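Have a look at the structure below before the remarks.
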Amino acid sequence: KTLIEFEHVTKEYQSGERSFYALKDANLNICEGELVVILGPSGAGKSTLLNLLGGMDTVTSGSILFEGEDITGYTDDALTDYRARNVGVVFQFYNLIPTLTAYENVALMRELEEDTMDPLEALGAVGLSEHIHQFPSQMSGGEQQRTSIARALAKKPKLLLCDEPTGALDTETGREVLKLLIWMSRVKKRTVVMVTHNSSFAGIADKVIRVRNGQIQEIIVNAEPKSAD
Ligand code: ADP
Ligand code: ADP
């Protein structure tokens, strides 16, 4: 079942007289429960694509359908509501609140959303039960990223968006985080979309979308995606 669909989506920026396409005529669809990897070099348009998927940016032309509903005409308020209801985001640099503990960072979701997971359960799921009272500065990069994944998990989003989630981590820690995202997809049945310039991640995805110079170059469906090991 299709969760999200792009129809001729273009994002254009003006600089003086000239216009520039961060994304041009993109067509794609993402199904429920799919693990999607968006690959491409720096400046290709990956973040633009992710921001549009998450309602964090708006199109210049074209349509984005979420569960069949066109969200491109949404007002700012409606988009804010769309994000709150449907979208969880994991960033390269975690974006945790430094003055709050791991527990408090995850528990914050309860104030924003009604139907959330118990913070202890979410932190337990990412293997951080022993670290719940630590502040971000007292945790390793991998632990901070796992906290941010627990925060996204607690929100129970239909769509989990990850922007270079392993970009700030060493190879081994990155692999652990990747395994966790695969688990979110395979076990928790979340729709996970991950942006990376690391083409070694292509094998684990159900679908790989290759982007270059603002254009989708190819979309590859993997019949038998690999595990992270
Ligand atoms: P990627 O994530 O693949 O590195 P981005 O989607 O961030 O690529 O950017 C695609 C292109 O659009 C880049 O050339 C970038 O400089 C440009 N771009 C992104 N955001 C803006 C903006 N707000 N204003 C102007 N140009 C932008
Ligand atoms: P990433 O490395 O995650 O792909 P970028 O370095 O391309 O991100 O962009 C980081 C942020 O800076 C983006 O959110 C984008 O909106 C903004 N940005 C990128 N390029 C430009 C630009 N040429 N003009 C204005 N803002 C830009």
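By order in the structure tokens, chains are A, B, ...; within a chain, residues start at 1; ligands start at 1, following the order shown.
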Neighbouring residues of Ser137 of chain A were defined as those with any atom within 10 Å, considering only C-alpha atoms; residues of the same chain fewer than 4 positions away were excluded. Please report them as a PyMOL selection string. chain A and resi 96+98-99+101+141+144
Residues of chain A that approach ligand 2 to 12 Å or less, counting only C-alpha atoms and all ligand atoms: could you list each one with the shortest pair of atoms and its distance in Å to one decimal, rows by chain and increasing residue number, as JSON lines?
```
{"residue": "A:Lys11", "atom": "CA", "partner": "ligand 2", "partner_atom_place_in_ligand_line": "16 (O)", "distance": 11.5}
{"residue": "A:Glu12", "atom": "CA", "partner": "ligand 2", "partner_atom_place_in_ligand_line": "23 (N)", "distance": 11.5}
{"residue": "A:Tyr13", "atom": "CA", "partner": "ligand 2", "partner_atom_place_in_ligand_line": "24 (N)", "distance": 8.5}
{"residue": "A:Gln14", "atom": "CA", "partner": "ligand 2", "partner_atom_place_in_ligand_line": "24 (N)", "distance": 9.6}
{"residue": "A:Ser15", "atom": "CA", "partner": "ligand 2", "partner_atom_place_in_ligand_line": "24 (N)", "distance": 8.6}
{"residue": "A:Ser19", "atom": "CA", "partner": "ligand 2", "partner_atom_place_in_ligand_line": "23 (N)", "distance": 11.5}
{"residue": "A:Phe20", "atom": "CA", "partner": "ligand 2", "partner_atom_place_in_ligand_line": "23 (N)", "distance": 9.6}
{"residue": "A:Tyr21", "atom": "CA", "partner": "ligand 2", "partner_atom_place_in_ligand_line": "23 (N)", "distance": 11.1}
{"residue": "A:Ala22", "atom": "CA", "partner": "ligand 2", "partner_atom_place_in_ligand_line": "20 (N)", "distance": 9.1}
{"residue": "A:Ile38", "atom": "CA", "partner": "ligand 2", "partner_atom_place_in_ligand_line": "4 (O)", "distance": 11.5}
{"residue": "A:Leu39", "atom": "CA", "partner": "ligand 2", "partner_atom_place_in_ligand_line": "4 (O)", "distance": 11.0}
{"residue": "A:Gly40", "atom": "CA", "partner": "ligand 2", "partner_atom_place_in_ligand_line": "4 (O)", "distance": 9.7}
{"residue": "A:Pro41", "atom": "CA", "partner": "ligand 2", "partner_atom_place_in_ligand_line": "4 (O)", "distance": 8.7}
{"residue": "A:Ser42", "atom": "CA", "partner": "ligand 2", "partner_atom_place_in_ligand_line": "4 (O)", "distance": 5.8}
{"residue": "A:Gly43", "atom": "CA", "partner": "ligand 2", "partner_atom_place_in_ligand_line": "7 (O)", "distance": 5.3}
{"residue": "A:Ala44", "atom": "CA", "partner": "ligand 2", "partner_atom_place_in_ligand_line": "4 (O)", "distance": 7.9}
{"residue": "A:Gly45", "atom": "CA", "partner": "ligand 2", "partner_atom_place_in_ligand_line": "4 (O)", "distance": 7.3}
{"residue": "A:Lys46", "atom": "CA", "partner": "ligand 2", "partner_atom_place_in_ligand_line": "4 (O)", "distance": 6.3}
{"residue": "A:Ser47", "atom": "CA", "partner": "ligand 2", "partner_atom_place_in_ligand_line": "4 (O)", "distance": 5.1}
{"residue": "A:Thr48", "atom": "CA", "partner": "ligand 2", "partner_atom_place_in_ligand_line": "16 (O)", "distance": 7.4}
{"residue": "A:Leu49", "atom": "CA", "partner": "ligand 2", "partner_atom_place_in_ligand_line": "4 (O)", "distance": 10.1}
{"residue": "A:Leu50", "atom": "CA", "partner": "ligand 2", "partner_atom_place_in_ligand_line": "4 (O)", "distance": 9.8}
{"residue": "A:Asn51", "atom": "CA", "partner": "ligand 2", "partner_atom_place_in_ligand_line": "14 (O)", "distance": 8.3}
{"residue": "A:Leu52", "atom": "CA", "partner": "ligand 2", "partner_atom_place_in_ligand_line": "16 (O)", "distance": 11.3}
{"residue": "A:Met56", "atom": "CA", "partner": "ligand 2", "partner_atom_place_in_ligand_line": "14 (O)", "distance": 9.8}
{"residue": "A:Asp57", "atom": "CA", "partner": "ligand 2", "partner_atom_place_in_ligand_line": "16 (O)", "distance": 9.0}
{"residue": "A:Thr58", "atom": "CA", "partner": "ligand 2", "partner_atom_place_in_ligand_line": "16 (O)", "distance": 11.7}
{"residue": "A:Val90", "atom": "CA", "partner": "ligand 2", "partner_atom_place_in_ligand_line": "3 (O)", "distance": 11.9}
{"residue": "A:Phe91", "atom": "CA", "partner": "ligand 2", "partner_atom_place_in_ligand_line": "3 (O)", "distance": 8.9}
{"residue": "A:Gln92", "atom": "CA", "partner": "ligand 2", "partner_atom_place_in_ligand_line": "3 (O)", "distance": 7.9}
{"residue": "A:Phe93", "atom": "CA", "partner": "ligand 2", "partner_atom_place_in_ligand_line": "3 (O)", "distance": 10.2}
{"residue": "A:Cys162", "atom": "CA", "partner": "ligand 2", "partner_atom_place_in_ligand_line": "3 (O)", "distance": 10.6}
{"residue": "A:Asp163", "atom": "CA", "partner": "ligand 2", "partner_atom_place_in_ligand_line": "3 (O)", "distance": 6.8}
{"residue": "A:Glu164", "atom": "CA", "partner": "ligand 2", "partner_atom_place_in_ligand_line": "3 (O)", "distance": 7.3}
{"residue": "A:Pro165", "atom": "CA", "partner": "ligand 2", "partner_atom_place_in_ligand_line": "3 (O)", "distance": 10.4}
{"residue": "A:Gly167", "atom": "CA", "partner": "ligand 2", "partner_atom_place_in_ligand_line": "3 (O)", "distance": 9.7}
{"residue": "A:Ala168", "atom": "CA", "partner": "ligand 2", "partner_atom_place_in_ligand_line": "3 (O)", "distance": 11.6}
{"residue": "A:Met194", "atom": "CA", "partner": "ligand 2", "partner_atom_place_in_ligand_line": "3 (O)", "distance": 11.9}
{"residue": "A:Val195", "atom": "CA", "partner": "ligand 2", "partner_atom_place_in_ligand_line": "4 (O)", "distance": 8.8}
{"residue": "A:Thr196", "atom": "CA", "partner": "ligand 2", "partner_atom_place_in_ligand_line": "4 (O)", "distance": 8.8}
{"residue": "A:His197", "atom": "CA", "partner": "ligand 2", "partner_atom_place_in_ligand_line": "4 (O)", "distance": 9.1}
{"residue": "A:Val211", "atom": "CA", "partner": "ligand 2", "partner_atom_place_in_ligand_line": "4 (O)", "distance": 11.9}
{"residue": "A:Asn213", "atom": "CA", "partner": "ligand 2", "partner_atom_place_in_ligand_line": "7 (O)", "distance": 12.0}
{"residue": "A:Gly214", "atom": "CA", "partner": "ligand 2", "partner_atom_place_in_ligand_line": "7 (O)", "distance": 11.6}
```
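Contact shell of Gly88 of chain A at 10 Å (only C-alpha atoms; same-chain neighbours under 6 positions omitted): Gly54, Ser148, Ile149, Arg151, Ala152, Leu153, Ala154, Lys155, Lys156, Pro157, Lys158, Leu159, Leu160, Leu161, Cys162 and Val192 of chain A.
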All residues 7 Å or closer to Glu34 of chain A, only C-alpha atoms, same chain fewer than 4 positions away omitted, as a PDB file with N, CA and C atoms, in the first residue's frame:
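Output file around33.pdb is given in full below:
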```pdb
ATOM      1  N   ILE A  30       6.517   5.609  -2.106  1.00  0.00           N
ATOM      2  CA  ILE A  30       7.057   4.870  -0.972  1.00  0.00           C
ATOM      3  C   ILE A  30       5.890   4.113  -0.335  1.00  0.00           C
ATOM      4  N   SER A 185      12.282  -0.983  10.908  1.00  0.00           N
ATOM      5  CA  SER A 185      11.551  -1.286   9.693  1.00  0.00           C
ATOM      6  C   SER A 185      10.990  -2.703   9.715  1.00  0.00           C
ATOM      7  N   THR A 191       7.737   2.761   8.313  1.00  0.00           N
ATOM      8  CA  THR A 191       8.276   3.167   7.023  1.00  0.00           C
ATOM      9  C   THR A 191       9.498   4.035   7.332  1.00  0.00           C
ATOM     10  N   VAL A 192      10.657   3.603   6.864  1.00  0.00           N
ATOM     11  CA  VAL A 192      11.898   4.303   7.185  1.00  0.00           C
ATOM     12  C   VAL A 192      12.542   4.808   5.896  1.00  0.00           C
ATOM     13  N   ASP A 206      14.863  -1.855   0.808  1.00  0.00           N
ATOM     14  CA  ASP A 206      13.865  -2.421  -0.099  1.00  0.00           C
ATOM     15  C   ASP A 206      13.889  -1.657  -1.420  1.00  0.00           C
TER      16      ASP A 206
END
```
Which of segment 22-154 of chain A counts as helix (DSSP H, G or I) under DSSP, as a PyMOL selection string please? chain A and resi 46-53+76-86+102-112+119-125+129-131+136-138+141-154
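Using only C-alpha atoms, the protein and nucleic acid residues lying no more than 10 Å from Gly203 of chain A, apart from those fewer than 5 places from it along its own chain, are Val37, Val208, Asn222, Glu224, Pro225, Lys226, Ser227 and Ala228 of chain A.
Those residues in segment 92-225 of chain A carrying a DSSP assignment of strand (DSSP E or B), computed from the backbone, are Leu159, Leu160, Leu161, Cys162, Asp163, Thr191, Val192, Val193, Met194, Val195, Thr196, Lys207, Val208, Ile209, Arg210, Val211, Arg212, Gln215, Ile216, Gln217, Glu218, Ile219, Ile220 and Val221 of chain A.
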Using Å and a single decimal, report how far atom CA of Val187 of chain A sits from atom CA of Val87 of chain A. 18.4 Å
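With only C-alpha atoms as the basis for measurement, A:Leu35 is the residue among A:Leu35, A:Ile64, A:Leu28, A:Ala107 that approaches Ala202 of chain A most closely.
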